[in-house]
Amino acid sequence: MITDLAFCQRSVLFAELSKLVYSSDEKYVKKRAKSLGFGVVEYYNSDGAQAYRFSSREDIVIVCRGTEPTCFNDIRADLRAYPVRSEAISRVHLGFKQEVDDIWPRVREDIKNKKKKNLWFAGHSLGGAMATIMASRCYHDKKLADPVEIYTYGSPRVGWPGYVTSLGPMTHHRWVNNNDVVTRVPFWILGYRHHGTTHYINAYGNVRHLTFEQRLKDKFRGFVYGLRNGSIDFFADHSIDAYLAAITKYRDGYK
């Protein structure tokens with residue numbers, strides 16, 4: 001049961017699943033999911049919008065797939081930053097909403113009769129934004145169970161302040177890796193805000209609670225380290241592998 005795991009263990013599990021859903025080999029996904037304790041795996045794919053449902057006796061985890069550079073539909077979704085009215089209140093990112101709209105009917109149908117199970121959402125990049133929107137729809141739908149928690153990695157901003165507030169008391173653990181550029185878009189000046197509790201990974205790959213000034217210094221340090229290693233930190237830090245490695249180190253530090 002996922003609720004029996006410590007926070008650091010849950011963070012690694014959902015990061016592993018967020019990486020796993022990028023695989024194009026469904027057989028491998030099912031095999032790996034089974035080794036993690038999920039006997040039932042359902043794949044959703046409609047017009048490029050993709051997600052998986054991982055189910056065990058006690059839990060259901062919906063994990064949305066993030067942006068794939070070779071998938072035009074994903075890139076188009078990221079660029080459609082026009083704010084449109086959400087199903088509940090205020091405004092949400094058009095592209096992210098449309099991605100969810102494509103697969104939501106099937107996802108909803110599969111979870112609506114399973115209120116006795118714990119419901120979780122997770123995702124990386126675009127997948128994190130989709131997971132947040134799906135969790136919001138569950139929270140505002142009386143026929144669905146409220147999500148236990150949301151875990152996102154390198155997620156962009158999803159909606160306006162009113163939308164973020166409408167998510168209510170849902171627990172959302174939002175992981176940010178140093179200079180990950182995706183976590184800074186859509187721009188704040190357009191009205192978009194983040195939801196959830198930020199867990200920050202510094203330039204050394206360690207989880208730290210930093211002040212605003214300390215984080216600015218750390219971001220500059222990470223940018224310099226990236227240049228020395230021949231990479232652009234803003235993009236390298238967005239990798240799900242980088243997130244998984246840092247969070248695994250964080251978990252192992254508590255053993």
# chains A, B, ... in the order shown; residues from 1 in each chain; ligands from 1

call {"tool": "residues_around", "arguments": {"residues": "region 244-255 of chain A", "least_positions_apart": "6", "cutoff": "8 Å", "atoms": "only C-alpha atoms", "output": "list in words"}}
result
Cys8, Gln9, Ser11, Val12, Ala15, Glu16, Ile201, Gly205, Asn206 and Val207 of chain A

call {"tool": "write_last_selection", "arguments": {"atoms": "C-alpha atoms", "output": "compact mmCIF listing (two decimals), in the first residue's frame"}}
result
# COMPACT_ATOMS: atom_id res chain seq x y z
CA CYS A 8 10.83 10.05 0.06
CA GLN A 9 9.88 6.51 -0.99
CA SER A 11 8.55 10.41 -4.41
CA VAL A 12 10.91 7.84 -5.93
CA ALA A 15 9.31 9.44 -10.40
CA GLU A 16 10.02 5.89 -11.60
CA ILE A 201 16.87 20.09 -5.87
CA GLY A 205 21.68 17.26 -6.76
CA ASN A 206 20.62 17.55 -3.12
CA VAL A 207 17.16 18.32 -1.79

call {"tool": "select_by_dssp", "arguments": {"residues": "region 20-255 of chain A", "states": "helix (DSSP H, G or I)", "output": "count of residues only"}}
result
98

call {"tool": "residues_around", "arguments": {"residues": "Tyr22 (chain A)", "least_positions_apart": "6", "cutoff": "10 Å", "atoms": "only C-alpha atoms", "output": "list in words"}}
result
Val29, Gln50, Ala51, Cys64, Arg65, Gly66, Thr67, Glu68, His124 and Ile240 of chain A

call {"tool": "select_by_dssp", "arguments": {"residues": "region 2-247 of chain A", "states": "strand (DSSP E or B)", "output": "MDAnalysis selection string"}}
result
chainID A and resid 40:46 49:55 59:64 83:85 91:93 118:124 149:153 159 171:177 193 197:201 207:208

call {"tool": "closest_residue", "arguments": {"among": "A:Tyr28, A:Tyr163, A:Phe7, A:Trp104", "to": "Gly191 (chain A)", "atoms": "only C-alpha atoms"}}
result
A:Tyr163
